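Some notes on the structure that comes next.
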Amino acid sequence: MRPRCAVSIDLDGIACYYRIHGLGAHPAELEHVILERALPRAAKLFAEKGLRVTWFVVGRDVDWQAHVRDGAARAANADRLAKLHARGDELGNHSYTHPYDLARLSADTVAEEIASCDRVLRAITKRAVHGFRAPGYDVSPAMLDALAQRGYRYDSSVFPAPGYYAAKAAVMAALAVLRRPSGAVLTNPKLLAAPSEPYRPAMSAPWRRGQAPLVELPIAVTPWTRIPAIGTSLLVAPEAIRRRVIAAMAQRPFFNFELHGIDFADAEKDGIPGELVAHQPDLRIPIAEKLARMSAILDELKATWECVTLGEVAAAVQLAH
């Protein structure tokens, strides 16, 4: 039996990146640029490769009923996702407003963030939602409790990558010195030692194995060294490194390959300001080159792994555990 790979893509809006880099308010005209411009490029490439993927959606961006001001844009976003769902893709819950500190908020706030996004996604798909990914890779007992109460099959938030954590901490410290604090938060460091393969977490301690009714599908890191094996990193890495990371992942029976919508954005064509480009190396690569690199990566994945959705992986892991 071939190992399995699930491609997922977090549809974080431009506002998220302005918060991360402490750049203040984002340009209003770019509110929906990821869903309007980047998503169609990604969807076209996945369709060409015959891949079904999991899209993690920020509920507010597609809630046309609650936002009259730009309801038409949000309705169009929802329609794009409905078409992807109709072709066999999975829509996952990425919270309603994408608060980076969600894991530190009250249980009631966590439950409301998850429930509100769930409501919007059900309106789009007419089906139950099975999976969740927390903003900023930080998961808490309150999140697991809210997900379990709603009958979710899986969470896919744990990112056990110490190197990524250290780099993020360094950037946040530098921004603090510049008096431009980042809107991001550091995850619970205990999560860095979490299993790197799928597991049932403990409800009170998501970083260790337990008997939760849902399973944890950690984001991909290489064996032993725990180097991040995510799309944003691989896109900017030299080809030799990309190949080495993917070859290392071939040792794992499951590859949870995470991408972001911004991976398919083009600074020039999409009108993304230089202030953000200066802090996002991936935005300095023209879209034609990014698509070529991503196409090659996806071809390598298809050659080694059976590509499925995260929901399908979760169903199999639940039976095995």
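Naming scheme: A, B, ... for chains in displayed order of the structure tokens; residues 1 onward per chain; ligands 1 onward as shown.
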Note to self: Need to verify the contact set: range 105-117 of chain A, 12 Å, only C-alpha atoms, exclusion of same-chain residues closer than 2 positions in sequence. Can you return it as a PyMOL selection string?
What the structure shows: chain A and resi 56-63+66+91-103+119-124+128-135+138-152+155
Check: Can you tell me, as number ranges by chain, what residues are no more than 12 Å from Glu48 in chain A when counting only C-alpha atoms, ignoring any on the same chain fewer than 6 positions away?
Finding: A: 41-42, 291, 295, 298-299
Convert the current residue selection to file output with N, CA and C atoms, as a tab-separated table (two decimals), in the first residue's frame.
chain	number	residue	atom	x	y	z
A	41	ARG	N	-5.82	30.47	-9.09
A	41	ARG	CA	-4.57	29.92	-9.62
A	41	ARG	C	-4.26	28.57	-9.00
A	42	ALA	N	-4.42	28.50	-7.68
A	42	ALA	CA	-4.15	27.24	-6.98
A	42	ALA	C	-5.13	26.16	-7.44
A	291	LEU	N	4.48	28.88	-9.83
A	291	LEU	CA	3.63	27.81	-10.34
A	291	LEU	C	4.47	26.67	-10.92
A	295	SER	N	4.33	23.03	-9.41
A	295	SER	CA	3.97	21.93	-10.31
A	295	SER	C	4.97	20.78	-10.17
A	298	LEU	N	4.40	18.99	-6.81
A	298	LEU	CA	3.22	18.14	-6.82
A	298	LEU	C	3.45	16.88	-7.65
A	299	ASP	N	4.21	17.00	-8.72
A	299	ASP	CA	4.54	15.81	-9.51
A	299	ASP	C	5.35	14.81	-8.68
Next item on the list: Can you list, as a PyMOL selection string, all residues belonging to range 91-151 of chain A that DSSP tags as helix (DSSP H, G or I)?
Entry: chain A and resi 102-104+107-125+135-137+141-149
With N, CA and C atoms retained, write the just-selected residues as a tab-separated table (two decimals), in the first residue's frame.
chain	number	residue	atom	x	y	z
A	102	LEU	N	-5.90	32.67	19.56
A	102	LEU	CA	-7.10	31.90	19.85
A	102	LEU	C	-6.88	30.91	20.99
A	103	ALA	N	-5.72	30.26	21.02
A	103	ALA	CA	-5.46	29.27	22.06
A	103	ALA	C	-5.39	29.87	23.45
A	104	ARG	N	-5.26	31.19	23.54
A	104	ARG	CA	-5.16	31.86	24.84
A	104	ARG	C	-6.47	32.52	25.26
A	107	ALA	N	-12.74	29.79	26.83
A	107	ALA	CA	-13.39	28.64	26.20
A	107	ALA	C	-14.62	29.07	25.41
A	108	ASP	N	-15.36	30.05	25.92
A	108	ASP	CA	-16.55	30.53	25.21
A	108	ASP	C	-16.18	31.20	23.89
A	109	THR	N	-15.09	31.99	23.89
A	109	THR	CA	-14.66	32.65	22.66
A	109	THR	C	-14.16	31.63	21.65
A	110	VAL	N	-13.42	30.65	22.11
A	110	VAL	CA	-12.94	29.59	21.22
A	110	VAL	C	-14.12	28.86	20.59
A	111	ALA	N	-15.10	28.51	21.40
A	111	ALA	CA	-16.27	27.79	20.90
A	111	ALA	C	-17.03	28.62	19.87
A	112	GLU	N	-17.13	29.94	20.11
A	112	GLU	CA	-17.85	30.82	19.19
A	112	GLU	C	-17.11	30.96	17.87
A	113	GLU	N	-15.78	31.09	17.92
A	113	GLU	CA	-14.98	31.18	16.69
A	113	GLU	C	-15.16	29.93	15.83
A	114	ILE	N	-15.13	28.79	16.46
A	114	ILE	CA	-15.28	27.53	15.73
A	114	ILE	C	-16.71	27.37	15.22
A	115	ALA	N	-17.69	27.67	16.07
A	115	ALA	CA	-19.09	27.51	15.68
A	115	ALA	C	-19.48	28.45	14.54
A	116	SER	N	-18.98	29.68	14.57
A	116	SER	CA	-19.36	30.65	13.54
A	116	SER	C	-18.81	30.25	12.17
A	117	CYS	N	-17.58	29.78	12.14
A	117	CYS	CA	-17.03	29.32	10.86
A	117	CYS	C	-17.76	28.05	10.40
A	118	ASP	N	-18.04	27.17	11.35
A	118	ASP	CA	-18.78	25.95	11.03
A	118	ASP	C	-20.11	26.27	10.37
A	119	ARG	N	-20.81	27.26	10.92
A	119	ARG	CA	-22.11	27.67	10.37
A	119	ARG	C	-21.99	28.11	8.92
A	120	VAL	N	-20.96	28.92	8.63
A	120	VAL	CA	-20.79	29.43	7.28
A	120	VAL	C	-20.45	28.30	6.31
A	121	LEU	N	-19.57	27.40	6.73
A	121	LEU	CA	-19.17	26.30	5.85
A	121	LEU	C	-20.33	25.35	5.58
A	122	ARG	N	-21.15	25.10	6.58
A	122	ARG	CA	-22.32	24.24	6.36
A	122	ARG	C	-23.30	24.88	5.37
A	123	ALA	N	-23.39	26.21	5.41
A	123	ALA	CA	-24.26	26.89	4.46
A	123	ALA	C	-23.76	26.72	3.03
A	124	ILE	N	-22.44	26.61	2.88
A	124	ILE	CA	-21.84	26.45	1.55
A	124	ILE	C	-21.95	25.01	1.06
A	125	THR	N	-21.64	24.05	1.93
A	125	THR	CA	-21.54	22.65	1.49
A	125	THR	C	-22.80	21.83	1.74
A	135	PRO	N	-5.40	29.09	13.88
A	135	PRO	CA	-4.48	30.15	13.44
A	135	PRO	C	-3.16	30.04	14.20
A	136	GLY	N	-2.06	30.14	13.48
A	136	GLY	CA	-0.76	30.16	14.15
A	136	GLY	C	-0.28	28.85	14.70
A	137	TYR	N	-0.92	27.73	14.32
A	137	TYR	CA	-0.48	26.39	14.73
A	137	TYR	C	-0.58	26.15	16.23
A	141	PRO	N	-6.57	22.80	24.97
A	141	PRO	CA	-7.64	21.90	25.41
A	141	PRO	C	-9.03	22.44	25.10
A	142	ALA	N	-9.21	23.77	25.19
A	142	ALA	CA	-10.53	24.35	24.89
A	142	ALA	C	-10.91	24.11	23.44
A	143	MET	N	-9.93	24.18	22.54
A	143	MET	CA	-10.21	23.90	21.12
A	143	MET	C	-10.63	22.45	20.94
A	144	LEU	N	-9.86	21.52	21.52
A	144	LEU	CA	-10.21	20.10	21.37
A	144	LEU	C	-11.60	19.83	21.92
A	145	ASP	N	-11.93	20.46	23.03
A	145	ASP	CA	-13.26	20.26	23.63
A	145	ASP	C	-14.36	20.77	22.70
A	146	ALA	N	-14.16	21.97	22.13
A	146	ALA	CA	-15.16	22.53	21.21
A	146	ALA	C	-15.32	21.67	19.97
A	147	LEU	N	-14.21	21.17	19.45
A	147	LEU	CA	-14.26	20.33	18.26
A	147	LEU	C	-14.94	19.00	18.56
A	148	ALA	N	-14.61	18.41	19.69
A	148	ALA	CA	-15.22	17.13	20.06
A	148	ALA	C	-16.72	17.28	20.23
A	149	GLN	N	-17.15	18.39	20.83
A	149	GLN	CA	-18.58	18.61	21.03
A	149	GLN	C	-19.33	18.74	19.71
Next item on the list: One decimal, Å: what's the distance from CA of His260 in chain A over to CA of Pro195 in chain A, could you say?
Entry: 22.9 Å
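With only C-alpha atoms taken into account, the protein and nucleic acid residues at most 12 Å from Ser233 in chain A (excluding it and anything under 2 positions from it in its own chain) are Tyr164, Ala220, Val221, Ile227, Pro228, Ala229, Ile230, Gly231, Leu235, Val236, Ala237, Pro238, Glu239, Ile241, Arg242, Val245, Ile246, Phe257, Glu258, Leu259, His260, Asp263, Gln280, Pro281, Asp282, Lys290, Arg293 and Met294 of chain A.
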Notebook entry, point to check: Which one is closest to Gly22 in chain A: A:Pro253, A:Pro223, A:Pro181, A:Pro206? Count only C-alpha atoms.
Noted result: A:Pro181
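The nearest approach to Glu289 in chain A among the residues A:Cys5, A:Ala303, A:Ala265, A:Val308, with only C-alpha atoms taken into account, belongs to A:Ala265.
Each of A:Asn256, A:Thr232, A:Ser157, A:Ser182 was compared to Arg19 in chain A using only C-alpha atoms, and A:Ser182 turns out to be the nearest.
Note that CA of Gln251 in chain A and CA of Glu306 in chain A are 14.1 Å apart.
Comparing A:Ile262, A:Ile20, A:Val215, A:Ala38 by their smallest distance to Ala176 in chain A, the closest is A:Ile20 (using only C-alpha atoms).
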Contact residues around His21 in chain A with only C-alpha atoms at 12 Å, ignoring same-chain residues under 5 positions, as a short mmCIF file (atom, residue, chain, number, x, y, z; two decimals) with C-alpha atoms, in the first residue's frame:
data_model
loop_
_atom_site.label_atom_id
_atom_site.label_comp_id
_atom_site.auth_asym_id
_atom_site.auth_seq_id
_atom_site.Cartn_x
_atom_site.Cartn_y
_atom_site.Cartn_z
CA ILE A 14 -3.66 39.73 3.41
CA ALA A 15 -4.69 41.29 6.72
CA CYS A 16 -3.13 38.33 8.54
CA HIS A 26 -3.87 46.53 5.26
CA LYS A 168 9.59 33.05 14.52
CA VAL A 171 11.58 37.84 14.12
CA MET A 172 9.01 38.75 16.78
CA ALA A 173 11.78 39.95 19.10
CA ALA A 174 13.29 42.09 16.34
CA LEU A 175 9.93 43.67 15.59
CA ALA A 176 9.43 44.42 19.29
CA LEU A 178 11.64 48.29 16.39
CA ARG A 179 8.45 49.12 18.32
CA ARG A 180 6.42 47.41 15.64
CA PRO A 181 5.12 44.40 17.57
CA SER A 182 3.92 41.40 15.62
CA GLY A 183 0.28 40.37 15.83
CA ALA A 184 1.39 36.73 15.88
CA VAL A 185 1.96 34.77 19.08
CA GLU A 275 6.01 47.13 2.41
CA LEU A 276 4.64 43.58 2.61
CA VAL A 277 6.83 42.18 -0.18
CA ALA A 278 9.90 43.27 1.80
CA HIS A 279 8.89 40.89 4.59
CA GLN A 280 7.53 37.99 2.51
#
Item checked: Which of range 3-93 of chain A DSSP labels strand (DSSP E), written as a ChimeraX atom specification -> /A:4-10,54-57,90-93
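CA of Thr187 in chain A is found 26.4 Å from CA of Glu31 in chain A.
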Note to self: What's around Gln318 in chain A at 10 Å? Count only C-alpha atoms, leave out sequence neighbours fewer than 2 positions away in its own chain, and write the answer as a PyMOL selection string.
What the structure shows: chain A and resi 153-154+198-200+213-216+313-316+320-321
Generate the output file for the selected residues, N, CA and C atoms, as a PDB file, in the first residue's frame.
ATOM      1  N   ARG A 153     -13.811  15.181  13.198  1.00  0.00           N
ATOM      2  CA  ARG A 153     -12.959  13.989  13.116  1.00  0.00           C
ATOM      3  C   ARG A 153     -11.504  14.284  13.445  1.00  0.00           C
ATOM      4  N   TYR A 154     -11.068  15.508  13.114  1.00  0.00           N
ATOM      5  CA  TYR A 154      -9.638  15.777  13.295  1.00  0.00           C
ATOM      6  C   TYR A 154      -9.341  17.252  13.517  1.00  0.00           C
ATOM      7  N   PRO A 198       0.359  11.014  12.813  1.00  0.00           N
ATOM      8  CA  PRO A 198      -1.004  11.128  13.340  1.00  0.00           C
ATOM      9  C   PRO A 198      -1.182  10.381  14.658  1.00  0.00           C
ATOM     10  N   TYR A 199      -1.965  10.973  15.565  1.00  0.00           N
ATOM     11  CA  TYR A 199      -2.192  10.354  16.864  1.00  0.00           C
ATOM     12  C   TYR A 199      -3.490  10.869  17.477  1.00  0.00           C
ATOM     13  N   ARG A 200      -3.984  10.126  18.464  1.00  0.00           N
ATOM     14  CA  ARG A 200      -5.101  10.623  19.261  1.00  0.00           C
ATOM     15  C   ARG A 200      -4.514  11.433  20.408  1.00  0.00           C
ATOM     16  N   PRO A 213     -11.682  11.815  21.178  1.00  0.00           N
ATOM     17  CA  PRO A 213     -12.539  11.235  20.137  1.00  0.00           C
ATOM     18  C   PRO A 213     -12.154  11.658  18.724  1.00  0.00           C
ATOM     19  N   LEU A 214     -11.304  12.684  18.608  1.00  0.00           N
ATOM     20  CA  LEU A 214     -10.808  13.105  17.304  1.00  0.00           C
ATOM     21  C   LEU A 214      -9.306  12.853  17.247  1.00  0.00           C
ATOM     22  N   VAL A 215      -8.738  12.889  16.037  1.00  0.00           N
ATOM     23  CA  VAL A 215      -7.316  12.632  15.887  1.00  0.00           C
ATOM     24  C   VAL A 215      -6.584  13.915  15.523  1.00  0.00           C
ATOM     25  N   GLU A 216      -5.288  13.933  15.818  1.00  0.00           N
ATOM     26  CA  GLU A 216      -4.423  15.049  15.446  1.00  0.00           C
ATOM     27  C   GLU A 216      -3.609  14.633  14.230  1.00  0.00           C
ATOM     28  N   VAL A 313      -7.819  10.859   5.433  1.00  0.00           N
ATOM     29  CA  VAL A 313      -6.751  10.370   6.308  1.00  0.00           C
ATOM     30  C   VAL A 313      -7.271  10.200   7.731  1.00  0.00           C
ATOM     31  N   ALA A 314      -8.007  11.180   8.210  1.00  0.00           N
ATOM     32  CA  ALA A 314      -8.529  11.128   9.576  1.00  0.00           C
ATOM     33  C   ALA A 314      -9.424   9.927   9.790  1.00  0.00           C
ATOM     34  N   ALA A 315     -10.278   9.638   8.805  1.00  0.00           N
ATOM     35  CA  ALA A 315     -11.178   8.488   8.927  1.00  0.00           C
ATOM     36  C   ALA A 315     -10.393   7.193   9.062  1.00  0.00           C
ATOM     37  N   ALA A 316      -9.299   7.062   8.298  1.00  0.00           N
ATOM     38  CA  ALA A 316      -8.468   5.854   8.362  1.00  0.00           C
ATOM     39  C   ALA A 316      -7.721   5.778   9.691  1.00  0.00           C
ATOM     40  N   ALA A 320      -7.731   2.945  12.826  1.00  0.00           N
ATOM     41  CA  ALA A 320      -6.487   2.278  13.251  1.00  0.00           C
ATOM     42  C   ALA A 320      -6.138   2.552  14.689  1.00  0.00           C
ATOM     43  N   HIS A 321      -6.659   3.635  15.258  1.00  0.00           N
ATOM     44  CA  HIS A 321      -6.319   4.006  16.635  1.00  0.00           C
ATOM     45  C   HIS A 321      -7.560   3.937  17.524  1.00  0.00           C
TER      46      HIS A 321
END
